[in-house]
Amino acid sequence: MTKKIKHYIKRIKEGRLKELVSQWLWMGRYMKRYWFLIGTYTLLGASGSFLTLGTSMVSRDLVDAITGQNSLGIVRVVALYVGVGVSQLFINAFKTRLSLRISMKVNNEIRIDIFSQILQTDWEELSKYRTGDLMYRINGDAAMVSNNILTYLPNVVSILISFGGAFIVMVQNDIIMALIALAGAPISFMSTRFSMRKMRDFQRKQMELQSHKTSFNQETLQNMQMIKAFGLVDYFIKQYKDVQDQSIDYAMIQNKFQSKMTILTGFIGQLIGYACYGFAAYRLWQGDISYGTMTLYVSMSSSLRGSFSSVLNLLPTAMRAGISAGRIMEIIQLPRESLEDEQEAKKLLAKAKDVGITVEMKDVSFRYGDNVYQNANMIASPGEIIGLIGPSGQGKTTTLRILLGLYHPKAGAVTVSNPGYETIPISSGTRCLFSYIPQGNTLFSGTIADNMKMLRPDASDEEIIEVLKTACAWEFVTQLEKGIHTEVSEGGNRFSEGQKQRLSIARALMAKAPVLLLDEATSALDMVSERKVLKNILRRDPLQTIIVTAHRPSVLSICDRVYKIQEGRIDEVNEEEIEAFLNEV
């Protein structure tokens, strides 16, 4: 006994039991939230279990009535038998419909909750995970969790009712029969305990493989254009086959282990079943019981064995749900984005209409793998265009992400302010001050108008046309059959790179943010269009602060200041140094 206690203490210290408890406590919060729906579902399941027990009891009386053991009550017994059967039909139909309604409601709301928590997670931490992996956690793992939240407690209650009811009936009629029916319980318990350890590893590995498959599919479809352009179709087909084969091979390994355990427990179950049937037949042969009672014995012993197996199967089910919950918790317990400066940022936004926004970096150091830079300084004031240049991979895009509060500097200060007024540190709460056009010019499925209204849902068609004109996009939009109501395919593939850039710029302008960040956002435009777009933006809002990463003289020539990011430094450069850099490029 002391050895057993020490074993469980060791497991708790190792964190396995603590981890499982924390996972189920997390799921318990959802159970508490939906207690009424789950309780209703539990009551229906319990009623079904009671009716099943009742059917067995009535079956005994019916057989006895038919065989002449109790012929006086045959009409009553037949009526009761039919009534119980019909009641089961209606309860099962109602239970199925209610189950569908509850499961869809609980499943959807849990997924929405998990999805919203993931979107609110700190981007720097979240970017360490593959998109496909996150997709599987939102869909596959969330479905496992929600299904168990809905069904676990009702299943426990139903199984315990079936098990307890069958055991009570058996003990009342013949305690020896009850003990025979439970004779295989210790062996089944030990085999389940042994298989649990293996199944935990199998489940974790299977979920990792599913995440990998989802990630591979997502990345392949997302990069279809590149795959076709480089003639990599056969290569990726082979990669897909390898991913599928790996999943199949591991599934077969898992199935081999499960088959061995199924054969073992099934063999034990058959032996116990034969013993129960033989004992009941012996009692009937001896004249101790009737045909109906023998039927009851066989039915109850089968129910008792089945219920005990179901009780043991609840443990692997809890384990699978716990693993999925743990994978979700791993993500949602990452640091959340801080919005504590959001209200202060809105005050700056209100004043920006009159005085604009100043963005400043003071002695900033940032590390992402290798050092990007140390003790960096930069300032951008209202009405200025600030250029960022430097070799690829030296930190231009990273700098814009720091300004957006996506990355967090390790030292120094990054601030925004209304000139002459309060200064606040940049965070996720200050993003309302920025508009951003990233490399890649992301467009979403929907219409052109839908893409524009993402930032301002109440925008009128006239306002949409205005920003399209500012971004020099109105010329080609007017030539489309449906104008601003033209459908945008996924990724904007129906448009040229230059058209996508202009649409992305127009969408950013919809926010009317006082600071505009352009990450190579005009690289696909000709020099005339590029200068025209930038001048249109300044003319539209003379106080707007613009920070642009670029390599082209046409952009840099209209910048008020240019900073060079290279070899861990940010330095302001003059025209000669800009020209020297462009010649190197």
# chains A, B, ... in the order shown; residues from 1 in each chain; ligands from 1

$ select_by_dssp --residues "segment 256-413 of chain A" --states "alpha helix (DSSP H)" --output "ChimeraX atom specification"
/A:256-285,291-332,342-355,396-403

$ closest_residue --among "A:Asn148, A:Ser489, A:Asn574, A:Ser529" --to "Val555 of chain A" --atoms "only C-alpha atoms"
A:Ser529

$ closest_residue --among "A:Val364, A:Ile323, A:Ile102, A:Leu150" --to "Val21 of chain A" --atoms "only C-alpha atoms"
A:Ile323

$ closest_residue --among "A:Thr430, A:Asn375, A:Ser116, A:Ser302" --to "Val359 of chain A" --atoms "only C-alpha atoms"
A:Thr430

$ residues_around --residues "Arg507 of chain A" --least-positions-apart "5" --cutoff "9 Å" --atoms "only C-alpha atoms" --output "PDB file with N, CA and C atoms, in the first residue's frame"
ATOM      1  N   ILE A 437       0.608  48.940 -44.895  1.00  0.00           N
ATOM      2  CA  ILE A 437       0.545  48.176 -46.147  1.00  0.00           C
ATOM      3  C   ILE A 437       1.761  47.261 -46.163  1.00  0.00           C
ATOM      4  N   ASN A 451     -13.443  44.735 -49.100  1.00  0.00           N
ATOM      5  CA  ASN A 451     -12.074  44.933 -48.619  1.00  0.00           C
ATOM      6  C   ASN A 451     -11.884  46.338 -48.054  1.00  0.00           C
ATOM      7  N   MET A 452     -12.497  47.330 -48.694  1.00  0.00           N
ATOM      8  CA  MET A 452     -12.371  48.702 -48.209  1.00  0.00           C
ATOM      9  C   MET A 452     -13.110  48.894 -46.880  1.00  0.00           C
ATOM     10  N   LYS A 453     -14.274  48.228 -46.749  1.00  0.00           N
ATOM     11  CA  LYS A 453     -15.116  48.432 -45.571  1.00  0.00           C
ATOM     12  C   LYS A 453     -14.637  47.657 -44.348  1.00  0.00           C
ATOM     13  N   MET A 454     -13.606  46.837 -44.517  1.00  0.00           N
ATOM     14  CA  MET A 454     -13.068  46.146 -43.341  1.00  0.00           C
ATOM     15  C   MET A 454     -12.623  47.137 -42.273  1.00  0.00           C
ATOM     16  N   LEU A 455     -12.070  48.248 -42.721  1.00  0.00           N
ATOM     17  CA  LEU A 455     -11.570  49.246 -41.783  1.00  0.00           C
ATOM     18  C   LEU A 455     -12.639  50.246 -41.373  1.00  0.00           C
ATOM     19  N   ILE A 464     -15.337  55.361 -50.621  1.00  0.00           N
ATOM     20  CA  ILE A 464     -14.510  54.305 -51.211  1.00  0.00           C
ATOM     21  C   ILE A 464     -13.877  54.797 -52.510  1.00  0.00           C
ATOM     22  N   VAL A 467     -10.821  57.180 -51.829  1.00  0.00           N
ATOM     23  CA  VAL A 467      -9.519  56.579 -51.509  1.00  0.00           C
ATOM     24  C   VAL A 467      -8.952  55.825 -52.709  1.00  0.00           C
ATOM     25  N   LEU A 468      -9.818  55.276 -53.540  1.00  0.00           N
ATOM     26  CA  LEU A 468      -9.341  54.607 -54.757  1.00  0.00           C
ATOM     27  C   LEU A 468      -8.683  55.620 -55.686  1.00  0.00           C
ATOM     28  N   ARG A 502      -2.120  49.108 -55.303  1.00  0.00           N
ATOM     29  CA  ARG A 502      -2.949  50.310 -55.234  1.00  0.00           C
ATOM     30  C   ARG A 502      -4.230  50.068 -54.421  1.00  0.00           C
TER      31      ARG A 502
END

$ residues_around --residues "Gly492 of chain A" --least-positions-apart "4" --cutoff "7 Å" --atoms "only C-alpha atoms" --output "list in words"
Leu443, Val488 and Lys500 of chain A

$ write_last_selection --atoms "all heavy atoms" --output "mmCIF file, in the first residue's frame"
data_model
loop_
_atom_site.group_PDB
_atom_site.id
_atom_site.type_symbol
_atom_site.label_atom_id
_atom_site.label_comp_id
_atom_site.auth_asym_id
_atom_site.auth_seq_id
_atom_site.Cartn_x
_atom_site.Cartn_y
_atom_site.Cartn_z
ATOM 1 N N LEU A 443 -5.047 40.829 -49.968
ATOM 2 C CA LEU A 443 -6.457 41.110 -50.246
ATOM 3 C C LEU A 443 -7.268 39.891 -49.835
ATOM 4 O O LEU A 443 -6.807 38.755 -49.952
ATOM 5 C CB LEU A 443 -6.676 41.426 -51.726
ATOM 6 C CG LEU A 443 -6.014 42.715 -52.256
ATOM 7 C CD1 LEU A 443 -6.223 42.829 -53.767
ATOM 8 C CD2 LEU A 443 -6.573 43.947 -51.559
ATOM 9 N N VAL A 488 -13.218 39.910 -55.559
ATOM 10 C CA VAL A 488 -11.767 39.746 -55.438
ATOM 11 C C VAL A 488 -11.515 38.275 -55.119
ATOM 12 O O VAL A 488 -11.974 37.776 -54.100
ATOM 13 C CB VAL A 488 -11.188 40.622 -54.307
ATOM 14 C CG1 VAL A 488 -9.684 40.374 -54.149
ATOM 15 C CG2 VAL A 488 -11.460 42.087 -54.590
ATOM 16 N N LYS A 500 -2.944 45.316 -57.204
ATOM 17 C CA LYS A 500 -3.116 44.877 -55.815
ATOM 18 C C LYS A 500 -2.483 45.880 -54.853
ATOM 19 O O LYS A 500 -3.040 46.153 -53.783
ATOM 20 C CB LYS A 500 -2.510 43.478 -55.617
ATOM 21 C CG LYS A 500 -3.354 42.360 -56.211
ATOM 22 C CD LYS A 500 -2.899 41.001 -55.753
ATOM 23 C CE LYS A 500 -1.627 40.558 -56.431
ATOM 24 N NZ LYS A 500 -1.281 39.149 -56.104
#

$ residues_around --residues "Ser427 of chain A" --least-positions-apart "4" --cutoff "9 Å" --atoms "only C-alpha atoms" --output "MDAnalysis selection string"
chainID A and resid 337:342 402:408 414:415 431

$ residues_around --residues "Ser435 of chain A" --least-positions-apart "2" --cutoff "12 Å" --atoms "only C-alpha atoms" --output "PDB file with C-alpha atoms, in the first residue's frame"
ATOM      1  CA  LEU A 400       7.656  48.521 -38.858  1.00  0.00           C
ATOM      2  CA  ARG A 401       6.462  45.577 -36.772  1.00  0.00           C
ATOM      3  CA  LEU A 403       6.086  50.375 -34.454  1.00  0.00           C
ATOM      4  CA  LEU A 404       2.885  48.320 -34.708  1.00  0.00           C
ATOM      5  CA  THR A 430      -1.636  52.241 -30.066  1.00  0.00           C
ATOM      6  CA  ARG A 431      -2.344  50.519 -33.414  1.00  0.00           C
ATOM      7  CA  CYS A 432      -5.343  52.780 -33.957  1.00  0.00           C
ATOM      8  CA  LEU A 433      -2.777  55.474 -34.856  1.00  0.00           C
ATOM      9  CA  ILE A 437       0.545  48.176 -46.147  1.00  0.00           C
ATOM     10  CA  PRO A 438       2.686  45.030 -45.821  1.00  0.00           C
ATOM     11  CA  LEU A 455     -11.570  49.246 -41.783  1.00  0.00           C
ATOM     12  CA  SER A 504      -4.022  47.771 -50.582  1.00  0.00           C
ATOM     13  CA  ILE A 505      -2.983  51.423 -50.289  1.00  0.00           C
ATOM     14  CA  ALA A 506      -6.582  52.549 -50.799  1.00  0.00           C
ATOM     15  CA  ARG A 507      -7.767  50.180 -48.051  1.00  0.00           C
ATOM     16  CA  ALA A 508      -5.109  51.526 -45.655  1.00  0.00           C
ATOM     17  CA  LEU A 509      -6.251  55.079 -46.376  1.00  0.00           C
ATOM     18  CA  MET A 510      -9.802  54.174 -45.332  1.00  0.00           C
ATOM     19  CA  ALA A 511      -8.647  54.094 -41.703  1.00  0.00           C
ATOM     20  CA  LYS A 512      -7.659  57.790 -41.846  1.00  0.00           C
ATOM     21  CA  ALA A 513      -4.845  56.985 -39.432  1.00  0.00           C
ATOM     22  CA  PRO A 514      -2.303  59.747 -38.747  1.00  0.00           C
ATOM     23  CA  VAL A 515       0.679  57.424 -39.370  1.00  0.00           C
ATOM     24  CA  LEU A 516       1.077  55.428 -42.588  1.00  0.00           C
ATOM     25  CA  LEU A 517       3.576  52.554 -42.836  1.00  0.00           C
ATOM     26  CA  LEU A 518       4.457  51.305 -46.334  1.00  0.00           C
ATOM     27  CA  ASP A 519       6.643  48.199 -46.605  1.00  0.00           C
ATOM     28  CA  GLN A 544       0.153  62.531 -41.999  1.00  0.00           C
ATOM     29  CA  THR A 545       3.406  60.897 -40.925  1.00  0.00           C
ATOM     30  CA  ILE A 546       4.645  58.433 -43.548  1.00  0.00           C
ATOM     31  CA  ILE A 547       7.362  55.815 -43.002  1.00  0.00           C
ATOM     32  CA  VAL A 548       8.320  53.815 -46.071  1.00  0.00           C
TER      33      VAL A 548
END

$ select_by_dssp --residues "segment 300-407 of chain A" --states "strand (DSSP E)" --output "list in words"
Thr358, Val359, Glu360, Met361, Lys362, Asp363, Val364, Ser365, Phe366, Arg367, Tyr368, Asp370, Asn371, Val372, Tyr373, Gln374, Asn375, Ala376, Asn377, Met378, Ile379, Ala380, Ile385, Ile386, Gly387, Leu388 and Ile389 of chain A

$ closest_residue --among "A:Asn155, A:Thr470, A:Gln566, A:Gln343" --to "Gln374 of chain A" --atoms "only C-alpha atoms"
A:Gln566
